[in-house]
>>> print(open('model12.csv').read())   # CSV, C-alpha atoms
chain,number,residue,atom,x,y,z
A,25,MET,CA,65.3,79.2,96.6
A,26,ASN,CA,66.1,76.3,99.0
A,27,ILE,CA,69.7,76.7,100.2
A,28,ILE,CA,71.6,74.3,102.4
A,29,VAL,CA,74.8,75.5,104.1
A,30,CYS,CA,77.1,72.9,105.6
A,31,ILE,CA,79.2,74.1,108.5
A,32,LYS,CA,81.7,72.5,110.8
A,33,GLU,CA,82.5,73.3,114.4
A,34,VAL,CA,86.3,73.4,114.9
A,35,PRO,CA,88.4,73.8,118.1
A,36,GLU,CA,88.8,77.4,119.2
A,37,THR,CA,92.3,76.6,120.6
A,38,THR,CA,95.4,75.3,118.9
A,39,GLU,CA,96.1,73.2,122.0
A,40,ILE,CA,94.2,70.2,120.7
A,41,LYS,CA,94.3,66.7,122.2
A,42,ILE,CA,94.7,63.5,120.3
A,43,ASP,CA,93.0,60.2,121.2
A,44,PRO,CA,96.0,57.8,121.5
A,45,LYS,CA,93.9,54.8,120.5
A,46,THR,CA,92.3,56.2,117.3
A,47,ASN,CA,94.7,59.1,116.5
A,48,THR,CA,91.7,61.4,116.0
A,49,LEU,CA,90.9,64.8,117.5
A,50,VAL,CA,89.3,64.8,120.9
A,51,ARG,CA,86.4,67.2,120.4
A,52,GLU,CA,84.3,66.5,123.6
A,53,GLY,CA,84.9,69.2,126.2
A,54,VAL,CA,86.8,71.4,123.8
A,55,LYS,CA,85.3,74.8,123.1
A,56,GLY,CA,84.4,75.2,119.5
A,57,ILE,CA,83.6,77.9,117.0
A,58,ILE,CA,82.1,77.9,113.5
A,59,ASN,CA,84.9,77.2,111.0
A,60,PRO,CA,85.9,80.7,109.8
A,61,PHE,CA,85.5,79.8,106.1
A,62,ASP,CA,82.0,78.6,106.8
A,63,MET,CA,80.9,82.1,108.0
A,64,TYR,CA,81.3,83.2,104.4
A,65,ALA,CA,79.1,80.3,103.2
A,66,ILE,CA,76.4,81.3,105.7
A,67,GLU,CA,76.6,84.9,104.7
A,68,GLU,CA,76.3,84.1,101.0
A,69,GLY,CA,73.3,81.9,101.6
A,70,LEU,CA,71.6,84.7,103.5
A,71,ARG,CA,72.3,87.2,100.8
A,72,ILE,CA,70.8,85.0,98.1
A,73,LYS,CA,67.7,84.4,100.2
A,74,GLU,CA,67.4,88.2,100.7
A,75,ARG,CA,67.5,88.8,97.0
A,76,LEU,CA,65.4,85.9,95.7
A,77,GLY,CA,63.5,84.7,98.7
A,78,GLY,CA,63.4,81.1,99.9
A,79,LYS,CA,65.0,79.3,102.9
A,80,VAL,CA,68.4,78.8,104.4
A,81,THR,CA,69.0,75.5,106.3
A,82,VAL,CA,72.3,75.1,108.1
A,83,MET,CA,73.6,71.7,108.7
A,84,ALA,CA,76.5,70.3,110.8
A,85,MET,CA,77.9,66.9,111.6
A,86,GLY,CA,79.6,66.6,115.0
A,87,PRO,CA,79.2,66.0,118.7
A,88,PRO,CA,76.2,67.3,120.7
A,89,GLN,CA,78.1,70.5,121.6
A,90,ALA,CA,78.1,71.6,118.0
A,91,GLU,CA,74.5,72.7,118.7
A,92,LEU,CA,76.0,76.0,119.9
A,93,SER,CA,77.5,76.7,116.5
A,94,LEU,CA,74.2,76.0,114.8
A,95,ARG,CA,72.5,78.4,117.2
A,96,GLU,CA,75.0,81.1,116.2
A,97,ALA,CA,74.1,80.4,112.5
A,98,ILE,CA,70.4,80.9,113.5
A,99,SER,CA,71.2,84.2,115.1
A,100,LEU,CA,72.7,85.4,111.9
A,101,GLY,CA,69.5,84.7,110.0
A,102,SER,CA,69.4,81.1,109.0
A,103,ASP,CA,65.9,79.6,109.1
A,104,GLU,CA,66.5,76.0,110.2
A,105,ALA,CA,69.4,74.1,111.8
A,106,ILE,CA,70.1,70.3,111.6
A,107,LEU,CA,72.7,68.5,113.7
A,108,VAL,CA,73.8,65.1,112.5
A,109,THR,CA,75.2,63.5,115.6
A,110,ASP,CA,75.9,59.9,116.6
A,111,ARG,CA,78.8,57.9,118.1
A,112,ALA,CA,78.7,55.9,114.9
A,113,PHE,CA,80.1,59.0,113.0
A,114,ALA,CA,83.1,59.4,115.3
A,115,GLY,CA,86.5,59.3,113.6
A,116,SER,CA,85.1,59.9,110.1
A,117,ASP,CA,87.6,61.0,107.5
A,118,THR,CA,86.6,63.4,104.7
A,119,TRP,CA,85.1,60.6,102.6
A,120,ALA,CA,82.9,59.2,105.4
A,121,THR,CA,82.0,62.8,106.5
A,122,SER,CA,80.9,63.8,103.0
A,123,TYR,CA,78.9,60.5,102.6
A,124,THR,CA,77.1,61.1,105.9
A,125,LEU,CA,76.3,64.8,105.1
A,126,ALA,CA,75.1,63.8,101.6
A,127,LYS,CA,72.7,61.3,103.1
A,128,ALA,CA,71.4,64.0,105.5
A,129,ILE,CA,70.8,66.3,102.5
A,130,GLU,CA,69.0,63.6,100.7
A,131,LYS,CA,66.7,63.2,103.7
A,132,LEU,CA,65.9,66.9,103.5
A,133,GLY,CA,64.5,66.4,100.0
A,134,SER,CA,64.2,69.2,97.5
A,135,TYR,CA,67.0,71.8,97.4
A,136,ASP,CA,68.6,74.2,94.8
A,137,LEU,CA,72.0,75.0,96.2
A,138,VAL,CA,74.5,73.6,98.7
A,139,ILE,CA,77.1,76.0,100.0
A,140,CYS,CA,80.3,75.1,101.9
A,141,GLY,CA,83.3,77.0,103.1
A,142,LYS,CA,86.4,76.2,101.0
A,143,GLN,CA,88.0,74.1,103.8
A,144,ALA,CA,88.1,73.6,107.5
A,145,ILE,CA,91.0,75.1,109.5
A,146,ASP,CA,91.5,71.9,111.5
A,147,GLY,CA,92.1,69.7,108.5
A,148,ASP,CA,92.8,72.0,105.5
A,149,THR,CA,91.9,69.3,103.0
A,150,ALA,CA,89.1,71.1,101.1
A,151,GLN,CA,87.7,67.7,100.3
A,152,VAL,CA,84.3,67.5,102.1
A,153,GLY,CA,82.5,70.0,99.9
A,154,PRO,CA,83.5,68.3,96.6
A,155,GLY,CA,82.9,64.9,98.3
A,156,ILE,CA,79.3,65.8,99.1
A,157,SER,CA,78.7,66.7,95.4
A,158,VAL,CA,80.1,63.4,94.3
A,159,HIS,CA,77.8,61.4,96.7
A,160,LEU,CA,74.8,63.5,95.6
A,161,ASN,CA,75.8,63.3,91.9
A,162,ILE,CA,75.3,67.0,91.4
A,163,PRO,CA,77.6,69.6,89.7
A,164,GLN,CA,80.1,71.6,91.7
A,165,ALA,CA,82.1,74.8,91.5
A,166,CYS,CA,84.9,75.3,94.0
A,167,TYR,CA,86.8,78.4,95.3
A,168,VAL,CA,83.9,80.7,94.3
A,169,LYS,CA,84.7,84.4,94.8
A,170,LYS,CA,81.6,85.8,93.2
A,171,ILE,CA,78.1,84.7,92.1
A,172,GLU,CA,77.6,86.6,88.9
A,173,GLU,CA,74.1,85.4,88.0
A,174,ILE,CA,71.3,83.1,89.3
A,175,ARG,CA,68.5,82.2,87.0
A,176,GLU,CA,66.1,79.3,86.6
A,177,GLY,CA,68.1,76.1,86.6
A,178,TYR,CA,71.5,77.8,86.3
A,179,LEU,CA,74.2,79.5,88.4
A,180,LYS,CA,77.1,81.5,87.0
A,181,VAL,CA,80.1,82.0,89.2
A,182,GLU,CA,83.6,83.3,89.3
A,183,SER,CA,86.0,80.6,90.6
A,184,MET,CA,89.5,81.6,91.8
A,185,THR,CA,92.6,80.0,90.2
A,186,GLU,CA,96.3,80.6,90.8
A,187,GLU,CA,96.5,83.0,87.9
A,188,GLY,CA,93.1,84.8,88.4
A,189,TYR,CA,89.7,83.4,88.0
A,190,GLU,CA,87.4,81.5,85.6
A,191,VAL,CA,83.7,81.9,84.9
A,192,ILE,CA,81.8,78.7,85.4
A,193,GLU,CA,78.1,78.0,84.6
A,194,VAL,CA,76.5,75.1,86.4
A,195,ARG,CA,73.1,73.6,86.5
A,196,THR,CA,71.1,73.5,89.7
A,197,PRO,CA,70.9,71.8,92.0
A,198,CYS,CA,74.6,72.2,92.5
A,199,LEU,CA,77.2,72.7,95.2
A,200,ILE,CA,79.7,75.5,95.6
A,201,THR,CA,82.6,76.1,98.0
A,202,VAL,CA,83.3,79.7,98.7
A,203,VAL,CA,86.4,81.7,99.6
A,204,LYS,CA,86.7,84.8,101.9
A,205,GLU,CA,86.8,87.2,99.0
A,206,ILE,CA,83.1,86.5,98.3
A,207,ASN,CA,81.7,88.7,101.0
A,208,THR,CA,82.0,90.2,104.5
A,209,PRO,CA,80.0,88.1,107.1
A,210,ARG,CA,77.5,90.0,109.2
A,211,LEU,CA,77.2,90.1,113.0
A,212,PRO,CA,74.2,88.7,114.8
A,213,SER,CA,71.4,91.1,115.7
A,214,LEU,CA,69.8,91.2,119.2
A,215,LYS,CA,66.6,89.8,117.6
A,216,GLY,CA,68.5,87.0,116.0
A,217,LYS,CA,70.2,86.1,119.3
A,218,MET,CA,66.8,85.9,121.0
A,219,ARG,CA,65.4,83.7,118.2
A,220,ALA,CA,68.4,81.4,118.3
A,221,LYS,CA,67.8,80.7,122.0
A,222,LYS,CA,64.3,79.5,121.3
A,223,GLN,CA,64.9,77.8,118.0
A,224,GLU,CA,64.5,74.0,117.9
A,225,ILE,CA,67.6,72.3,116.6
A,226,ILE,CA,66.7,69.2,114.6
A,227,LYS,CA,68.9,66.2,115.5
A,228,TRP,CA,69.4,63.1,113.3
A,229,LYS,CA,71.2,59.9,114.3
A,230,ALA,CA,72.5,57.2,111.9
A,231,SER,CA,69.2,55.3,112.3
A,232,ASP,CA,67.4,58.4,110.9
A,233,LEU,CA,69.4,58.3,107.6
A,234,ASN,CA,69.3,55.9,104.8
A,235,VAL,CA,73.0,54.9,105.2
A,236,GLN,CA,75.2,51.9,104.9
A,237,HIS,CA,76.6,51.6,108.4
A,238,GLU,CA,79.9,50.0,107.2
A,239,LYS,CA,80.6,53.4,105.5
A,240,LEU,CA,80.3,55.4,108.7
A,241,GLY,CA,82.9,56.6,111.2
A,242,LEU,CA,86.4,55.4,111.7
A,243,ASN,CA,85.7,51.9,110.2
A,244,GLY,CA,84.1,53.4,107.1
A,245,SER,CA,87.0,55.8,106.5
A,246,PRO,CA,89.4,54.8,103.6
A,247,THR,CA,92.1,57.0,105.1
A,248,GLN,CA,93.3,56.7,108.7
A,249,VAL,CA,96.0,58.3,110.8
A,250,VAL,CA,98.5,55.6,111.6
A,251,ARG,CA,100.9,57.7,113.7
A,252,ILE,CA,101.2,61.2,115.0
A,253,PHE,CA,104.5,62.8,116.1
A,254,SER,CA,106.2,66.1,116.3
A,255,PRO,CA,109.0,66.7,113.8
A,256,PRO,CA,112.5,66.7,115.2
A,257,GLN,CA,113.9,70.1,116.2
A,258,ARG,CA,116.0,71.6,113.5
A,259,VAL,CA,119.7,71.9,114.2
A,260,ARG,CA,121.2,75.3,113.5
A,261,GLY,CA,123.2,75.2,110.3
A,262,GLU,CA,126.8,76.1,109.7
A,263,MET,CA,127.5,79.7,108.5
A,264,LEU,CA,130.1,79.5,105.7
A,265,THR,CA,132.4,82.5,105.5
A,266,GLY,CA,135.7,83.3,103.8
A,267,ASP,CA,136.7,83.7,100.2
A,268,ASN,CA,134.4,82.3,97.5
A,269,GLY,CA,136.7,79.3,96.7
A,270,ALA,CA,136.9,78.2,100.3
A,271,VAL,CA,133.1,78.5,100.7
A,272,VAL,CA,132.4,76.5,97.6
A,273,ASP,CA,134.8,73.7,98.7
A,274,ARG,CA,133.2,73.5,102.1
A,275,LEU,CA,129.7,73.5,100.6
A,276,VAL,CA,130.6,70.6,98.4
A,277,GLU,CA,131.9,68.7,101.4
A,278,VAL,CA,128.7,69.3,103.4
A,279,LEU,CA,126.5,68.2,100.4
A,280,LYS,CA,128.6,65.0,100.1
A,281,GLU,CA,128.0,64.3,103.8
A,282,VAL,CA,124.3,64.8,103.5
A,283,ILE,CA,123.9,62.8,100.3
A,284,VAL,CA,126.4,60.0,100.8
A,285,GLY,CA,126.3,59.9,104.6
>>> encode(input="model12.csv", output="structure tokens")
Amino acid sequence: MNIIVCIKEVPETTEIKIDPKTNTLVREGVKGIINPFDMYAIEEGLRIKERLGGKVTVMAMGPPQAELSLREAISLGSDEAILVTDRAFAGSDTWATSYTLAKAIEKLGSYDLVICGKQAIDGDTAQVGPGISVHLNIPQACYVKKIEEIREGYLKVESMTEEGYEVIEVRTPCLITVVKEINTPRLPSLKGKMRAKKQEIIKWKASDLNVQHEKLGLNGSPTQVVRIFSPPQRVRGEMLTGDNGAVVDRLVEVLKEVIVG
């Protein structure tokens, strides 16, 4: 079974920097880690390969330094790693990112399953995984907590909802996004770490993909951050005390001031 796991490198620190010209994250020079939710995606891909055989290819889009995260994925047991990196991709929103990754997956050719973490901790949109499936025109199942069954041409999964879960059957090739309830990620072995140091990381630029360049990066992003600011500090409220009647009267006065001004 050919499995593709899409991962993202996210800043390890919360002290992020913003480019004042583009209002996008500055990733160069910032130490990164594999997005925590993507660790569950890697683990699930490896477990499927161990049961059914096949190959796990891990893919990331990002700056050259994201190679380190791909090598970590190799150390865990992934077979191949691809880094999609080009200045043309800088500033991509979730739509442009999913478009670029979909084009990279198309270049790979045949595959049965694409796995993504449910969301990235630096954006929390949960849009890239579903976006990839739209661009590839394949079925999707999101927030998957368990893969119940895999058989020729089909996948049956349990997808989390607010009230519980629902059982979904999708045709393959398909895409799923997984939640942390699906498994417990493994740690890399010494043998895996040694292999990761020697493994060649495949690198693709925009010119290597069959893309429309006007759909890439900041210029190809339908959504853009216009302004970034910190919310004003909250002023401590007034504590109302006294008998119930006086408290109610004062509360009415405060509400009038807020509503009417």
>>> residues_around(input="model12.csv", residues="Leu92 (chain A)", least_positions_apart="3", cutoff="10 Å", atoms="all atoms listed in the file", output="ChimeraX atom specification")
/A:33,55-58,88-89,95-98,220-221,225
>>> closest_residue(input="model12.csv", among="A:Phe61, A:Tyr167, A:Trp228, A:Phe113", to="Cys30 (chain A)", atoms="only C-alpha atoms")
A:Phe61
>>> residues_near_point(input="model12.csv", point="(79.4, 54.8, 108.6)", cutoff="12 Å", atoms="all atoms listed in the file", output="MDAnalysis selection string")
chainID A and resid 109:125 127 229:231 233:246
>>> residues_near_point(input="model12.csv", point="(74.2, 82.4, 105.4)", cutoff="9 Å", atoms="all atoms listed in the file", output="PDB file with C-alpha atoms, keeping the file's coordinate frame")
ATOM      1  CA  ILE A  27      69.700  76.700 100.200  1.00  0.00           C
ATOM      2  CA  VAL A  29      74.800  75.500 104.100  1.00  0.00           C
ATOM      3  CA  ASP A  62      82.000  78.600 106.800  1.00  0.00           C
ATOM      4  CA  MET A  63      80.900  82.100 108.000  1.00  0.00           C
ATOM      5  CA  TYR A  64      81.300  83.200 104.400  1.00  0.00           C
ATOM      6  CA  ALA A  65      79.100  80.300 103.200  1.00  0.00           C
ATOM      7  CA  ILE A  66      76.400  81.300 105.700  1.00  0.00           C
ATOM      8  CA  GLU A  67      76.600  84.900 104.700  1.00  0.00           C
ATOM      9  CA  GLU A  68      76.300  84.100 101.000  1.00  0.00           C
ATOM     10  CA  GLY A  69      73.300  81.900 101.600  1.00  0.00           C
ATOM     11  CA  LEU A  70      71.600  84.700 103.500  1.00  0.00           C
ATOM     12  CA  ARG A  71      72.300  87.200 100.800  1.00  0.00           C
ATOM     13  CA  ILE A  72      70.800  85.000  98.100  1.00  0.00           C
ATOM     14  CA  LYS A  73      67.700  84.400 100.200  1.00  0.00           C
ATOM     15  CA  VAL A  80      68.400  78.800 104.400  1.00  0.00           C
ATOM     16  CA  THR A  81      69.000  75.500 106.300  1.00  0.00           C
ATOM     17  CA  VAL A  82      72.300  75.100 108.100  1.00  0.00           C
ATOM     18  CA  ALA A  97      74.100  80.400 112.500  1.00  0.00           C
ATOM     19  CA  LEU A 100      72.700  85.400 111.900  1.00  0.00           C
ATOM     20  CA  GLY A 101      69.500  84.700 110.000  1.00  0.00           C
ATOM     21  CA  SER A 102      69.400  81.100 109.000  1.00  0.00           C
ATOM     22  CA  ILE A 139      77.100  76.000 100.000  1.00  0.00           C
ATOM     23  CA  PRO A 209      80.000  88.100 107.100  1.00  0.00           C
TER      24      PRO A 209
END
>>> closest_residue(input="model12.csv", among="A:Arg260, A:Lys79, A:Lys169, A:Arg219", to="Ile28 (chain A)", atoms="all atoms listed in the file")
A:Lys79
>>> atom_distance(input="model12.csv", atom1="CA of Ala126 (chain A)", atom2="CA of Ser99 (chain A)")
24.8 Å
>>> closest_residue(input="model12.csv", among="A:Glu130, A:Glu224, A:Glu36, A:Glu182", to="Val203 (chain A)", atoms="all atoms listed in the file")
A:Glu182
>>> closest_residue(input="model12.csv", among="A:Val34, A:Leu275, A:Ala128, A:Val250", to="Pro87 (chain A)", atoms="all atoms listed in the file")
A:Val34
>>> atom_distance(input="model12.csv", atom1="CA of Ser183 (chain A)", atom2="CA of Ile162 (chain A)")
17.3 Å
>>> atom_distance(input="model12.csv", atom1="CA of Leu137 (chain A)", atom2="CA of Leu214 (chain A)")
28.2 Å
>>> closest_residue(input="model12.csv", among="A:Val282, A:Ala165, A:Leu76, A:Met263", to="Thr185 (chain A)", atoms="all atoms listed in the file")
A:Ala165
>>> residues_around(input="model12.csv", residues="Ile226 (chain A)", least_positions_apart="6", cutoff="10 Å", atoms="all atoms listed in the file", output="PyMOL selection string")
chain A and resi 83+91+104-108
>>> closest_residue(input="model12.csv", among="A:Lys222, A:Gly216, A:Val272, A:Lys227", to="Ala90 (chain A)", atoms="only C-alpha atoms")
A:Lys227
>>> build_atoms(input="model12.csv", residues="region 223-245 of chain A", atoms="N, CA, C and O atoms", output="short mmCIF file (atom, residue, chain, number, x, y, z; two decimals), keeping the file's coordinate frame")
data_model
loop_
_atom_site.label_atom_id
_atom_site.label_comp_id
_atom_site.auth_asym_id
_atom_site.auth_seq_id
_atom_site.Cartn_x
_atom_site.Cartn_y
_atom_site.Cartn_z
N GLN A 223 65.02 78.60 119.18
CA GLN A 223 64.90 77.80 118.00
C GLN A 223 65.15 76.29 118.30
O GLN A 223 66.12 75.94 118.99
N GLU A 224 64.31 75.42 117.78
CA GLU A 224 64.50 74.00 117.90
C GLU A 224 65.61 73.54 116.95
O GLU A 224 65.55 73.86 115.76
N ILE A 225 66.58 72.81 117.43
CA ILE A 225 67.60 72.30 116.60
C ILE A 225 67.24 70.81 116.26
O ILE A 225 67.10 69.98 117.16
N ILE A 226 67.05 70.51 115.00
CA ILE A 226 66.70 69.20 114.60
C ILE A 226 67.94 68.26 114.70
O ILE A 226 69.03 68.64 114.25
N LYS A 227 67.78 67.10 115.30
CA LYS A 227 68.90 66.20 115.50
C LYS A 227 68.62 64.85 114.85
O LYS A 227 67.58 64.24 115.11
N TRP A 228 69.56 64.40 114.01
CA TRP A 228 69.40 63.10 113.30
C TRP A 228 70.57 62.20 113.71
O TRP A 228 71.74 62.61 113.74
N LYS A 229 70.22 60.96 113.98
CA LYS A 229 71.20 59.90 114.30
C LYS A 229 71.38 59.06 113.01
O LYS A 229 70.69 59.24 112.01
N ALA A 230 72.30 58.11 113.08
CA ALA A 230 72.50 57.20 111.90
C ALA A 230 71.26 56.47 111.56
O ALA A 230 70.98 56.25 110.38
N SER A 231 70.47 56.09 112.57
CA SER A 231 69.20 55.30 112.30
C SER A 231 68.19 56.17 111.59
O SER A 231 67.23 55.63 111.03
N ASP A 232 68.35 57.51 111.59
CA ASP A 232 67.40 58.40 110.90
C ASP A 232 67.73 58.56 109.43
O ASP A 232 66.93 59.13 108.67
N LEU A 233 68.91 58.10 109.02
CA LEU A 233 69.40 58.30 107.60
C LEU A 233 69.42 56.97 106.90
O LEU A 233 69.63 55.92 107.49
N ASN A 234 69.26 57.06 105.60
CA ASN A 234 69.30 55.90 104.80
C ASN A 234 70.79 55.60 104.40
O ASN A 234 71.25 55.84 103.29
N VAL A 235 71.55 55.10 105.40
CA VAL A 235 73.00 54.90 105.20
C VAL A 235 73.38 53.45 105.28
O VAL A 235 72.66 52.62 105.83
N GLN A 236 74.53 53.15 104.70
CA GLN A 236 75.20 51.90 104.90
C GLN A 236 76.14 52.01 106.04
O GLN A 236 77.10 52.75 105.96
N HIS A 237 75.87 51.32 107.13
CA HIS A 237 76.60 51.60 108.40
C HIS A 237 78.10 51.23 108.25
O HIS A 237 78.90 51.79 109.00
N GLU A 238 78.46 50.36 107.32
CA GLU A 238 79.90 50.00 107.20
C GLU A 238 80.65 51.21 106.52
O GLU A 238 81.88 51.18 106.46
N LYS A 239 79.94 52.25 106.06
CA LYS A 239 80.60 53.40 105.50
C LYS A 239 80.69 54.58 106.43
O LYS A 239 81.09 55.68 106.05
N LEU A 240 80.34 54.35 107.69
CA LEU A 240 80.30 55.40 108.70
C LEU A 240 81.54 55.39 109.59
O LEU A 240 82.12 54.34 109.83
N GLY A 241 81.87 56.55 110.12
CA GLY A 241 82.90 56.60 111.20
C GLY A 241 84.25 56.16 110.81
O GLY A 241 84.63 56.12 109.64
N LEU A 242 84.99 55.77 111.84
CA LEU A 242 86.40 55.40 111.70
C LEU A 242 86.48 54.12 110.79
O LEU A 242 87.35 54.03 109.91
N ASN A 243 85.61 53.15 111.01
CA ASN A 243 85.70 51.90 110.20
C ASN A 243 85.31 52.11 108.77
O ASN A 243 85.74 51.35 107.90
N GLY A 244 84.51 53.14 108.48
CA GLY A 244 84.10 53.40 107.10
C GLY A 244 85.02 54.41 106.40
O GLY A 244 84.72 54.82 105.28
N SER A 245 86.12 54.78 107.05
CA SER A 245 87.00 55.80 106.50
C SER A 245 88.17 55.12 105.73
O SER A 245 88.95 54.38 106.33
#
